[in-house]
Each structure stands twice: as structure tokens, then as C-alpha cells.
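Colleague: Please see the structure below; I have some questions.
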Amino acid sequence: MRFLCDMGVSRKVSAWLRDQGHECIHLGEEGLARLPNGEIFSKAVAEDRIILTFDLDFGEIAAMAGDCRTSVMVFRLQNTRAPHVIDRLAVALEKASEPLLKGAIVTVEEARLRIRELPMRGK
């Protein structure tokens, strides 16, 4: 899978994903720390990447994007330390890989995942 990590996501998460065989970039690694959310989403669309973020705005952007099927994984965690995020991410990838590849908004919480397939028209 191809991922784009937003600034709120630790670079350790990016490194872990690469160690797992995924292609992953972090906005900070590319000098794009101040890129507006809309441009981040456009970058993910253009590069066919799944956005990893703590920012709830990306779920809304994806939901409003019509036929665009760029996936977003939103972390809603109390513990935002990299090891915990990685643990929850591993579970999410195990359970939600197929929807992520097709287009989905996956919300990762402490004890559950919520998966909403895209596009979301009429839902």
C-alpha cells in the first residue's frame, strides 16, 4: 500500500510502514509541513496514497469528494505515542486493507474501527 502521513503522525509510524514493505512518505520529510489540507488531499489523490492523520477534516474532505476514492485513516486515540499508534495501525491494516484499497474512511479508536466505504453519496 501507499501512504501519506500528515504532520501529526510520528515519523516513527512512517518508518514502521516502510519496514512492513509499504511505500510511505511523511509531509515533514518532504518539507511540506505547512501544506493546506486541500493540497494534501490533492497530493494523495495524484499519488494514489492513503492519508494517515489525526485531523478530522480529512474524513470530511474525502466524504465530499464525490467519486474520488482516496482513502483516509483517521486516528481518534487518547494515547498518541508512536508505539500505540503503530499497534492500532497494525490491527487496522489487518482488518481494513480491502476497504482502504477500494476507497474508505477508516476511523481508528482505542477499542474499535469504523469503516465507511467511499463514495458516500446518499448515505
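Convention: chains lettered A, B, ... in C-alpha cells order; per-chain residue numbering from 1; ligands numbered from 1 as shown.
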So which residues of segment 17-81 of chain A fall under strand (DSSP E) by DSSP, listed as a PyMOL selection string?

Modeller: chain A and resi 23-26+50-53+72-76

Colleague: Rank nothing, just name the residue among A:Ala15, A:Met7, A:Val91, A:Ala62 nearest to Arg34 of chain A, using only C-alpha atoms.

Modeller: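 Between A:Ala15, A:Met7, A:Val91, A:Ala62, the residue approaching Arg34 of chain A most closely is A:Met7.
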
Colleague: With only C-alpha atoms as the basis for distance, which of A:Ala92, A:Met120, A:Cys5, A:Ile51 is at the shortest distance from Ala63 of chain A?

Modeller: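 That would be A:Met120, the residue with the smallest distance to Ala63 of chain A.
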
Colleague: Using only C-alpha atoms, tabulate the residues of segment 7-37 of chain A lying at most 12 Å from any atom of segment 93-117 of chain A, each with its closest atom pair and that distance in Å to one decimal, by chain and increasing residue number, as CSV.

Modeller:
```
residue,atom,partner,partner_atom,distance
A:Leu17,CA,A:Leu93,CA,10.4
A:Gln20,CA,A:Leu93,CA,11.0
A:His22,CA,A:Leu93,CA,11.2
```

Colleague: Let me see the file: selected residues, C-alpha atoms, as a CSV table (one decimal), in the first residue's frame.

Modeller:
```
chain,number,residue,atom,x,y,z
A,17,LEU,CA,5.2,1.2,7.5
A,20,GLN,CA,6.5,-3.6,6.7
A,22,HIS,CA,4.7,-0.3,2.3
```

Colleague: Choose the residue, out of A:Ala82, A:Cys68, A:Arg18, A:Asp6, that has the smallest atom-to-atom separation from Leu32 of chain A; count only C-alpha atoms.

Modeller: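 The shortest atom-to-atom distance to Leu32 of chain A comes from A:Asp6.
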
Colleague: Quick one: pull the distance between atom CA of Ser14 of chain A and atom CA of Gly66 of chain A, Å, one decimal.

Modeller: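 The value is 28.3 Å.
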
Colleague: Do you know which residues are at most 7 Å from Ile50 of chain A counting only C-alpha atoms, after dropping those on the same chain fewer than 3 positions away, and could you put them as a ChimeraX atom specification?

Modeller: /A:2-4,44,70-72

Colleague: Take the residues just selected and output them with all heavy atoms as a PDB file, in the first residue's frame.

Modeller:
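Ended up saving to part.pdb:
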```pdb
ATOM      1  N   ARG A   2       0.289   2.331  -0.429  1.00  0.00           N
ATOM      2  CA  ARG A   2       0.996   3.614  -0.499  1.00  0.00           C
ATOM      3  C   ARG A   2       0.344   4.582   0.485  1.00  0.00           C
ATOM      4  O   ARG A   2      -0.868   4.792   0.417  1.00  0.00           O
ATOM      5  CB  ARG A   2       0.938   4.161  -1.919  1.00  0.00           C
ATOM      6  CG  ARG A   2       1.640   3.256  -2.925  1.00  0.00           C
ATOM      7  CD  ARG A   2       1.341   3.646  -4.364  1.00  0.00           C
ATOM      8  NE  ARG A   2       1.493   5.052  -4.651  1.00  0.00           N
ATOM      9  CZ  ARG A   2       2.616   5.625  -5.087  1.00  0.00           C
ATOM     10  NH1 ARG A   2       3.688   4.893  -5.266  1.00  0.00           N
ATOM     11  NH2 ARG A   2       2.659   6.914  -5.347  1.00  0.00           N
ATOM     12  N   PHE A   3       1.145   5.161   1.365  1.00  0.00           N
ATOM     13  CA  PHE A   3       0.626   6.024   2.417  1.00  0.00           C
ATOM     14  C   PHE A   3       1.245   7.409   2.370  1.00  0.00           C
ATOM     15  O   PHE A   3       2.383   7.586   1.925  1.00  0.00           O
ATOM     16  CB  PHE A   3       0.913   5.412   3.793  1.00  0.00           C
ATOM     17  CG  PHE A   3       0.178   4.140   4.048  1.00  0.00           C
ATOM     18  CD1 PHE A   3       0.798   2.923   3.825  1.00  0.00           C
ATOM     19  CD2 PHE A   3      -1.124   4.145   4.505  1.00  0.00           C
ATOM     20  CE1 PHE A   3       0.130   1.734   4.057  1.00  0.00           C
ATOM     21  CE2 PHE A   3      -1.806   2.962   4.733  1.00  0.00           C
ATOM     22  CZ  PHE A   3      -1.178   1.751   4.509  1.00  0.00           C
ATOM     23  N   LEU A   4       0.477   8.373   2.884  1.00  0.00           N
ATOM     24  CA  LEU A   4       0.932   9.741   3.089  1.00  0.00           C
ATOM     25  C   LEU A   4       0.600  10.103   4.532  1.00  0.00           C
ATOM     26  O   LEU A   4      -0.577  10.125   4.907  1.00  0.00           O
ATOM     27  CB  LEU A   4       0.225  10.701   2.123  1.00  0.00           C
ATOM     28  CG  LEU A   4       0.433  12.193   2.337  1.00  0.00           C
ATOM     29  CD1 LEU A   4       1.903  12.556   2.172  1.00  0.00           C
ATOM     30  CD2 LEU A   4      -0.427  12.990   1.375  1.00  0.00           C
ATOM     31  N   ALA A  44      -2.404  13.333  -2.245  1.00  0.00           N
ATOM     32  CA  ALA A  44      -2.737  11.918  -2.029  1.00  0.00           C
ATOM     33  C   ALA A  44      -3.477  11.343  -3.232  1.00  0.00           C
ATOM     34  O   ALA A  44      -3.207  10.214  -3.655  1.00  0.00           O
ATOM     35  CB  ALA A  44      -3.551  11.755  -0.754  1.00  0.00           C
ATOM     36  N   THR A  70     -10.068   8.193  -2.686  1.00  0.00           N
ATOM     37  CA  THR A  70      -8.834   8.267  -1.909  1.00  0.00           C
ATOM     38  C   THR A  70      -9.171   7.993  -0.455  1.00  0.00           C
ATOM     39  O   THR A  70      -9.996   8.678   0.139  1.00  0.00           O
ATOM     40  CB  THR A  70      -8.162   9.641  -2.069  1.00  0.00           C
ATOM     41  OG1 THR A  70      -7.795   9.782  -3.440  1.00  0.00           O
ATOM     42  CG2 THR A  70      -6.942   9.764  -1.198  1.00  0.00           C
ATOM     43  N   SER A  71      -8.533   6.989   0.110  1.00  0.00           N
ATOM     44  CA  SER A  71      -8.838   6.582   1.481  1.00  0.00           C
ATOM     45  C   SER A  71      -8.142   7.466   2.502  1.00  0.00           C
ATOM     46  O   SER A  71      -7.076   8.025   2.260  1.00  0.00           O
ATOM     47  CB  SER A  71      -8.418   5.128   1.703  1.00  0.00           C
ATOM     48  OG  SER A  71      -9.240   4.260   0.961  1.00  0.00           O
ATOM     49  N   VAL A  72      -8.793   7.543   3.659  1.00  0.00           N
ATOM     50  CA  VAL A  72      -8.271   8.298   4.790  1.00  0.00           C
ATOM     51  C   VAL A  72      -8.393   7.430   6.030  1.00  0.00           C
ATOM     52  O   VAL A  72      -9.442   6.829   6.276  1.00  0.00           O
ATOM     53  CB  VAL A  72      -9.057   9.616   5.000  1.00  0.00           C
ATOM     54  CG1 VAL A  72      -8.568  10.349   6.243  1.00  0.00           C
ATOM     55  CG2 VAL A  72      -8.979  10.510   3.772  1.00  0.00           C
TER      56      VAL A  72
END
```

Colleague: Ranking A:Pro119, A:Ala65, A:Val74, A:Leu89 by minimum distance to Leu52 of chain A and counting only C-alpha atoms, which one comes first?

Modeller: A:Val74

Colleague: Rounded to one decimal place, report the atom CA of Asn79 of chain A-atom CA of Leu56 of chain A distance in Å.

Modeller: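 That distance, rounded to one decimal, is 16.5 Å.
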
Colleague: Chain A: which residues are helix (DSSP H, G or I) by DSSP, as a compact mmCIF listing (two decimals) with all heavy atoms, in the first residue's frame?

Modeller:
```txt
# COMPACT_ATOMS: atom_id res chain seq x y z
N ARG A 11 6.94 10.37 12.64
CA ARG A 11 7.77 9.81 11.57
C ARG A 11 8.14 8.36 11.88
O ARG A 11 8.47 7.60 10.97
CB ARG A 11 9.03 10.65 11.39
CG ARG A 11 8.72 12.02 10.79
CD ARG A 11 9.97 12.79 10.52
NE ARG A 11 9.63 14.16 10.19
CZ ARG A 11 10.45 15.00 9.61
NH1 ARG A 11 11.66 14.62 9.29
NH2 ARG A 11 10.08 16.24 9.36
N LYS A 12 8.04 7.96 13.15
CA LYS A 12 8.28 6.55 13.51
C LYS A 12 7.22 5.66 12.88
O LYS A 12 7.50 4.52 12.53
CB LYS A 12 8.29 6.38 15.03
CG LYS A 12 9.47 7.05 15.70
CD LYS A 12 9.38 6.91 17.20
CE LYS A 12 10.53 7.64 17.88
NZ LYS A 12 10.43 7.59 19.33
N VAL A 13 6.02 6.18 12.73
CA VAL A 13 4.95 5.43 12.07
C VAL A 13 5.29 5.23 10.60
O VAL A 13 5.15 4.13 10.05
CB VAL A 13 3.59 6.13 12.25
CG1 VAL A 13 2.49 5.44 11.44
CG2 VAL A 13 3.21 6.20 13.73
N SER A 14 5.80 6.28 9.95
CA SER A 14 6.23 6.17 8.55
C SER A 14 7.32 5.12 8.40
O SER A 14 7.29 4.30 7.48
CB SER A 14 6.76 7.51 8.04
OG SER A 14 5.76 8.47 8.02
N ALA A 15 8.28 5.17 9.30
CA ALA A 15 9.39 4.21 9.24
C ALA A 15 8.88 2.79 9.44
O ALA A 15 9.32 1.87 8.74
CB ALA A 15 10.44 4.56 10.30
N TRP A 16 7.94 2.59 10.36
CA TRP A 16 7.38 1.27 10.61
C TRP A 16 6.67 0.75 9.36
O TRP A 16 6.84 -0.41 8.98
CB TRP A 16 6.42 1.30 11.80
CG TRP A 16 5.81 -0.03 12.08
CD1 TRP A 16 6.35 -1.05 12.81
CD2 TRP A 16 4.53 -0.50 11.62
NE1 TRP A 16 5.50 -2.12 12.82
CE2 TRP A 16 4.38 -1.82 12.11
CE3 TRP A 16 3.52 0.05 10.86
CZ2 TRP A 16 3.23 -2.58 11.85
CZ3 TRP A 16 2.38 -0.69 10.60
CH2 TRP A 16 2.25 -2.00 11.10
N LEU A 17 5.89 1.61 8.72
CA LEU A 17 5.20 1.19 7.50
C LEU A 17 6.19 0.77 6.42
O LEU A 17 5.99 -0.24 5.75
CB LEU A 17 4.30 2.33 6.98
CG LEU A 17 2.99 2.50 7.73
CD1 LEU A 17 2.36 3.85 7.41
CD2 LEU A 17 2.02 1.37 7.41
N ARG A 18 7.26 1.52 6.25
CA ARG A 18 8.28 1.15 5.27
C ARG A 18 8.92 -0.19 5.64
O ARG A 18 9.17 -1.02 4.77
CB ARG A 18 9.33 2.26 5.14
CG ARG A 18 8.79 3.47 4.37
CD ARG A 18 9.87 4.47 4.04
NE ARG A 18 10.35 5.20 5.19
CZ ARG A 18 9.87 6.36 5.61
NH1 ARG A 18 8.89 6.95 4.96
NH2 ARG A 18 10.37 6.96 6.66
N ASP A 19 9.16 -0.39 6.93
CA ASP A 19 9.72 -1.67 7.39
C ASP A 19 8.79 -2.84 7.09
O ASP A 19 9.24 -3.98 6.93
CB ASP A 19 10.02 -1.63 8.89
CG ASP A 19 11.21 -0.77 9.25
OD1 ASP A 19 12.00 -0.41 8.34
OD2 ASP A 19 11.36 -0.44 10.45
N LEU A 27 4.85 14.14 5.30
CA LEU A 27 4.91 15.52 4.81
C LEU A 27 6.15 16.24 5.31
O LEU A 27 6.76 17.01 4.57
CB LEU A 27 3.65 16.28 5.24
CG LEU A 27 2.36 15.89 4.54
CD1 LEU A 27 1.18 16.62 5.14
CD2 LEU A 27 2.44 16.14 3.05
N GLY A 28 6.55 15.99 6.54
CA GLY A 28 7.74 16.63 7.10
C GLY A 28 9.01 16.24 6.38
O GLY A 28 9.93 17.05 6.22
N GLU A 29 9.07 15.00 5.93
CA GLU A 29 10.24 14.52 5.21
C GLU A 29 10.38 15.18 3.84
O GLU A 29 11.47 15.22 3.28
CB GLU A 29 10.18 12.99 5.03
CG GLU A 29 10.25 12.22 6.32
CD GLU A 29 9.89 10.75 6.17
OE1 GLU A 29 9.32 10.36 5.12
OE2 GLU A 29 10.17 10.01 7.11
N GLU A 30 9.26 15.67 3.33
CA GLU A 30 9.27 16.31 2.01
C GLU A 30 9.27 17.83 2.11
O GLU A 30 9.10 18.52 1.10
CB GLU A 30 8.07 15.82 1.19
CG GLU A 30 8.15 14.35 0.89
CD GLU A 30 7.38 13.96 -0.35
OE1 GLU A 30 6.42 14.66 -0.72
OE2 GLU A 30 7.77 12.95 -0.96
N ASN A 37 -4.69 21.55 3.96
CA ASN A 37 -5.36 20.25 3.89
C ASN A 37 -5.85 19.90 2.49
O ASN A 37 -5.72 18.76 2.05
CB ASN A 37 -6.52 20.19 4.88
CG ASN A 37 -6.06 20.08 6.31
OD1 ASN A 37 -4.87 19.93 6.58
ND2 ASN A 37 -6.99 20.18 7.23
N GLY A 38 -6.41 20.86 1.79
CA GLY A 38 -6.90 20.59 0.44
C GLY A 38 -5.78 20.16 -0.50
O GLY A 38 -5.96 19.27 -1.32
N GLU A 39 -4.62 20.77 -0.35
CA GLU A 39 -3.49 20.41 -1.19
C GLU A 39 -2.89 19.06 -0.77
O GLU A 39 -2.40 18.31 -1.61
CB GLU A 39 -2.42 21.51 -1.14
CG GLU A 39 -2.87 22.77 -1.85
CD GLU A 39 -1.83 23.87 -1.82
OE1 GLU A 39 -0.62 23.56 -1.94
OE2 GLU A 39 -2.23 25.04 -1.69
N ILE A 40 -2.96 18.76 0.52
CA ILE A 40 -2.52 17.44 0.99
C ILE A 40 -3.41 16.37 0.36
O ILE A 40 -2.93 15.35 -0.14
CB ILE A 40 -2.57 17.35 2.53
CG1 ILE A 40 -1.53 18.29 3.15
CG2 ILE A 40 -2.34 15.91 3.00
CD1 ILE A 40 -1.68 18.47 4.65
N PHE A 41 -4.72 16.61 0.38
CA PHE A 41 -5.65 15.64 -0.20
C PHE A 41 -5.39 15.49 -1.70
O PHE A 41 -5.34 14.36 -2.22
CB PHE A 41 -7.10 16.06 0.06
CG PHE A 41 -8.08 14.99 -0.28
CD1 PHE A 41 -8.34 13.95 0.61
CD2 PHE A 41 -8.74 14.99 -1.50
CE1 PHE A 41 -9.24 12.94 0.29
CE2 PHE A 41 -9.64 13.98 -1.83
CZ PHE A 41 -9.89 12.96 -0.93
N SER A 42 -5.17 16.60 -2.39
CA SER A 42 -4.88 16.54 -3.83
C SER A 42 -3.60 15.76 -4.10
O SER A 42 -3.52 15.00 -5.07
CB SER A 42 -4.76 17.96 -4.40
OG SER A 42 -6.00 18.61 -4.35
N LYS A 43 -2.60 15.94 -3.26
CA LYS A 43 -1.34 15.20 -3.39
C LYS A 43 -1.60 13.70 -3.23
O LYS A 43 -1.10 12.89 -4.01
CB LYS A 43 -0.34 15.68 -2.35
CG LYS A 43 1.01 14.95 -2.37
CD LYS A 43 1.96 15.58 -1.36
CE LYS A 43 3.29 14.88 -1.29
NZ LYS A 43 4.01 14.80 -2.55
N ALA A 44 -2.40 13.33 -2.24
CA ALA A 44 -2.74 11.92 -2.03
C ALA A 44 -3.48 11.34 -3.23
O ALA A 44 -3.21 10.21 -3.65
CB ALA A 44 -3.55 11.76 -0.75
N VAL A 45 -4.39 12.11 -3.79
CA VAL A 45 -5.13 11.66 -4.98
C VAL A 45 -4.17 11.45 -6.14
O VAL A 45 -4.18 10.40 -6.79
CB VAL A 45 -6.24 12.66 -5.35
CG1 VAL A 45 -6.85 12.32 -6.71
CG2 VAL A 45 -7.33 12.70 -4.28
N ALA A 46 -3.33 12.44 -6.40
CA ALA A 46 -2.41 12.39 -7.54
C ALA A 46 -1.41 11.24 -7.42
O ALA A 46 -1.03 10.64 -8.43
CB ALA A 46 -1.66 13.71 -7.68
N GLU A 47 -1.02 10.92 -6.18
CA GLU A 47 -0.01 9.88 -5.97
C GLU A 47 -0.61 8.54 -5.55
O GLU A 47 0.13 7.61 -5.23
CB GLU A 47 0.99 10.36 -4.92
CG GLU A 47 1.76 11.60 -5.36
CD GLU A 47 2.71 12.13 -4.32
OE1 GLU A 47 2.92 11.47 -3.27
OE2 GLU A 47 3.28 13.22 -4.54
N ASP A 57 -10.71 16.79 9.66
CA ASP A 57 -11.10 17.44 8.41
C ASP A 57 -10.94 16.53 7.20
O ASP A 57 -11.70 16.63 6.24
CB ASP A 57 -10.26 18.71 8.18
CG ASP A 57 -10.59 19.83 9.15
OD1 ASP A 57 -11.64 19.74 9.82
OD2 ASP A 57 -9.80 20.78 9.24
N PHE A 58 -9.96 15.64 7.23
CA PHE A 58 -9.71 14.80 6.06
C PHE A 58 -10.85 13.81 5.80
O PHE A 58 -11.13 13.49 4.65
CB PHE A 58 -8.37 14.07 6.18
CG PHE A 58 -7.21 14.98 5.93
CD1 PHE A 58 -6.49 15.49 6.98
CD2 PHE A 58 -6.87 15.35 4.64
CE1 PHE A 58 -5.42 16.34 6.76
CE2 PHE A 58 -5.81 16.20 4.40
CZ PHE A 58 -5.09 16.71 5.47
N GLY A 59 -11.49 13.33 6.84
CA GLY A 59 -12.65 12.46 6.65
C GLY A 59 -13.76 13.20 5.93
O GLY A 59 -14.40 12.67 5.01
N GLU A 60 -13.97 14.46 6.31
CA GLU A 60 -14.99 15.28 5.66
C GLU A 60 -14.61 15.58 4.22
O GLU A 60 -15.46 15.51 3.32
CB GLU A 60 -15.16 16.58 6.45
CG GLU A 60 -16.28 17.43 5.93
CD GLU A 60 -16.53 18.67 6.78
OE1 GLU A 60 -16.32 18.61 8.00
OE2 GLU A 60 -16.92 19.69 6.19
N ILE A 61 -13.34 15.89 3.98
CA ILE A 61 -12.89 16.16 2.61
C ILE A 61 -13.12 14.93 1.73
O ILE A 61 -13.64 15.05 0.62
CB ILE A 61 -11.41 16.58 2.60
CG1 ILE A 61 -11.23 17.95 3.27
CG2 ILE A 61 -10.87 16.61 1.17
CD1 ILE A 61 -9.79 18.32 3.55
N ALA A 62 -12.76 13.76 2.23
CA ALA A 62 -12.95 12.52 1.46
C ALA A 62 -14.43 12.25 1.21
O ALA A 62 -14.81 11.84 0.11
CB ALA A 62 -12.31 11.34 2.19
N ALA A 63 -15.26 12.49 2.21
CA ALA A 63 -16.70 12.24 2.07
C ALA A 63 -17.32 13.16 1.03
O ALA A 63 -18.25 12.77 0.32
CB ALA A 63 -17.39 12.40 3.42
N ALA A 82 3.84 7.03 19.43
CA ALA A 82 4.08 6.21 18.23
C ALA A 82 3.88 4.71 18.45
O ALA A 82 3.23 4.07 17.63
CB ALA A 82 5.47 6.50 17.67
N PRO A 83 4.40 4.11 19.54
CA PRO A 83 4.20 2.66 19.69
C PRO A 83 2.72 2.26 19.75
O PRO A 83 2.33 1.24 19.17
CB PRO A 83 4.92 2.32 21.00
CG PRO A 83 5.94 3.40 21.15
CD PRO A 83 5.30 4.64 20.57
N HIS A 84 1.91 3.07 20.41
CA HIS A 84 0.48 2.76 20.50
C HIS A 84 -0.21 2.97 19.15
O HIS A 84 -1.04 2.16 18.72
CB HIS A 84 -0.19 3.62 21.57
CG HIS A 84 -1.64 3.32 21.76
ND1 HIS A 84 -2.09 2.10 22.23
CD2 HIS A 84 -2.75 4.06 21.50
CE1 HIS A 84 -3.41 2.11 22.28
NE2 HIS A 84 -3.84 3.29 21.83
N VAL A 85 0.15 4.05 18.46
CA VAL A 85 -0.42 4.29 17.13
C VAL A 85 -0.06 3.13 16.20
O VAL A 85 -0.91 2.64 15.46
CB VAL A 85 0.06 5.65 16.56
CG1 VAL A 85 -0.38 5.82 15.12
CG2 VAL A 85 -0.45 6.80 17.42
N ILE A 86 1.17 2.68 16.27
CA ILE A 86 1.60 1.55 15.43
C ILE A 86 0.82 0.29 15.76
O ILE A 86 0.38 -0.44 14.86
CB ILE A 86 3.12 1.33 15.57
CG1 ILE A 86 3.87 2.49 14.88
CG2 ILE A 86 3.54 -0.02 14.99
CD1 ILE A 86 5.35 2.54 15.19
N ASP A 87 0.59 0.03 17.05
CA ASP A 87 -0.20 -1.14 17.44
C ASP A 87 -1.61 -1.08 16.85
O ASP A 87 -2.11 -2.06 16.30
CB ASP A 87 -0.30 -1.26 18.97
CG ASP A 87 0.98 -1.71 19.62
OD1 ASP A 87 1.88 -2.22 18.91
OD2 ASP A 87 1.09 -1.56 20.86
N ARG A 88 -2.25 0.08 16.96
CA ARG A 88 -3.61 0.23 16.44
C ARG A 88 -3.61 0.20 14.90
O ARG A 88 -4.52 -0.34 14.29
CB ARG A 88 -4.25 1.53 16.95
CG ARG A 88 -4.49 1.56 18.45
CD ARG A 88 -5.41 0.44 18.95
NE ARG A 88 -6.73 0.57 18.34
CZ ARG A 88 -7.49 -0.45 17.95
NH1 ARG A 88 -7.09 -1.70 18.11
NH2 ARG A 88 -8.67 -0.24 17.41
N LEU A 89 -2.58 0.76 14.30
CA LEU A 89 -2.45 0.74 12.85
C LEU A 89 -2.31 -0.68 12.33
O LEU A 89 -2.92 -1.06 11.34
CB LEU A 89 -1.25 1.60 12.41
CG LEU A 89 -0.90 1.62 10.93
CD1 LEU A 89 -2.08 2.06 10.07
CD2 LEU A 89 0.31 2.54 10.70
N ALA A 90 -1.54 -1.49 13.03
CA ALA A 90 -1.36 -2.89 12.62
C ALA A 90 -2.70 -3.62 12.61
O ALA A 90 -3.01 -4.37 11.67
CB ALA A 90 -0.36 -3.59 13.54
N VAL A 91 -3.51 -3.40 13.63
CA VAL A 91 -4.84 -4.01 13.70
C VAL A 91 -5.71 -3.48 12.55
O VAL A 91 -6.39 -4.25 11.88
CB VAL A 91 -5.50 -3.72 15.06
CG1 VAL A 91 -6.97 -4.13 15.06
CG2 VAL A 91 -4.74 -4.42 16.18
N ALA A 92 -5.66 -2.18 12.32
CA ALA A 92 -6.47 -1.58 11.27
C ALA A 92 -6.10 -2.13 9.90
O ALA A 92 -6.99 -2.42 9.08
CB ALA A 92 -6.32 -0.05 11.30
N LEU A 93 -4.81 -2.27 9.64
CA LEU A 93 -4.39 -2.80 8.34
C LEU A 93 -4.83 -4.25 8.16
O LEU A 93 -5.19 -4.66 7.05
CB LEU A 93 -2.88 -2.66 8.17
CG LEU A 93 -2.38 -1.23 8.02
CD1 LEU A 93 -0.86 -1.21 7.95
CD2 LEU A 93 -2.99 -0.55 6.81
N GLU A 94 -4.82 -5.00 9.24
CA GLU A 94 -5.25 -6.40 9.17
C GLU A 94 -6.73 -6.50 8.85
O GLU A 94 -7.16 -7.35 8.07
CB GLU A 94 -4.95 -7.08 10.50
CG GLU A 94 -5.28 -8.54 10.54
CD GLU A 94 -4.91 -9.16 11.88
OE1 GLU A 94 -3.77 -8.98 12.33
OE2 GLU A 94 -5.80 -9.80 12.47
N LYS A 95 -7.53 -5.60 9.41
CA LYS A 95 -8.98 -5.70 9.29
C LYS A 95 -9.57 -4.84 8.17
O LYS A 95 -10.68 -5.11 7.73
CB LYS A 95 -9.64 -5.31 10.61
CG LYS A 95 -9.31 -6.28 11.72
CD LYS A 95 -10.04 -5.95 12.99
CE LYS A 95 -9.73 -7.00 14.05
NZ LYS A 95 -10.45 -6.77 15.28
N ALA A 96 -8.84 -3.81 7.72
CA ALA A 96 -9.45 -2.87 6.79
C ALA A 96 -8.66 -2.68 5.50
O ALA A 96 -8.91 -1.73 4.77
CB ALA A 96 -9.63 -1.52 7.49
N SER A 97 -7.74 -3.58 5.19
CA SER A 97 -6.93 -3.41 3.98
C SER A 97 -7.77 -3.35 2.72
O SER A 97 -7.56 -2.50 1.85
CB SER A 97 -5.90 -4.53 3.87
OG SER A 97 -4.88 -4.34 4.80
N GLU A 98 -8.71 -4.26 2.59
CA GLU A 98 -9.53 -4.29 1.37
C GLU A 98 -10.33 -3.00 1.18
O GLU A 98 -10.27 -2.40 0.10
CB GLU A 98 -10.46 -5.51 1.37
CG GLU A 98 -11.17 -5.70 0.06
CD GLU A 98 -11.96 -6.99 0.02
OE1 GLU A 98 -11.54 -7.99 0.63
OE2 GLU A 98 -13.02 -6.99 -0.62
N PRO A 99 -11.06 -2.53 2.20
CA PRO A 99 -11.77 -1.26 2.02
C PRO A 99 -10.82 -0.08 1.73
O PRO A 99 -11.15 0.79 0.93
CB PRO A 99 -12.50 -1.06 3.35
CG PRO A 99 -12.63 -2.41 3.94
CD PRO A 99 -11.42 -3.17 3.47
N LEU A 100 -9.66 -0.08 2.37
CA LEU A 100 -8.70 1.01 2.12
C LEU A 100 -8.25 1.04 0.66
O LEU A 100 -8.07 2.10 0.08
CB LEU A 100 -7.49 0.88 3.04
CG LEU A 100 -7.69 1.30 4.49
CD1 LEU A 100 -6.51 0.85 5.34
CD2 LEU A 100 -7.91 2.80 4.60
N LEU A 101 -8.08 -0.12 0.07
CA LEU A 101 -7.65 -0.20 -1.32
C LEU A 101 -8.76 0.23 -2.28
O LEU A 101 -8.49 0.71 -3.37
CB LEU A 101 -7.16 -1.60 -1.66
CG LEU A 101 -5.84 -1.99 -1.02
CD1 LEU A 101 -5.55 -3.48 -1.23
CD2 LEU A 101 -4.70 -1.14 -1.55
N LYS A 102 -10.01 0.05 -1.87
CA LYS A 102 -11.15 0.40 -2.72
C LYS A 102 -11.60 1.85 -2.52
O LYS A 102 -12.26 2.42 -3.39
CB LYS A 102 -12.33 -0.52 -2.42
CG LYS A 102 -12.10 -1.95 -2.85
CD LYS A 102 -13.31 -2.79 -2.52
CE LYS A 102 -13.12 -4.23 -2.95
NZ LYS A 102 -14.28 -5.06 -2.57
```

Colleague: For atom CA of Leu77 of chain A and atom CA of Asp48 of chain A, determine how far apart the two atoms are, in Å to one decimal place.

Modeller: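 Distance between the two atoms: 25.6 Å.
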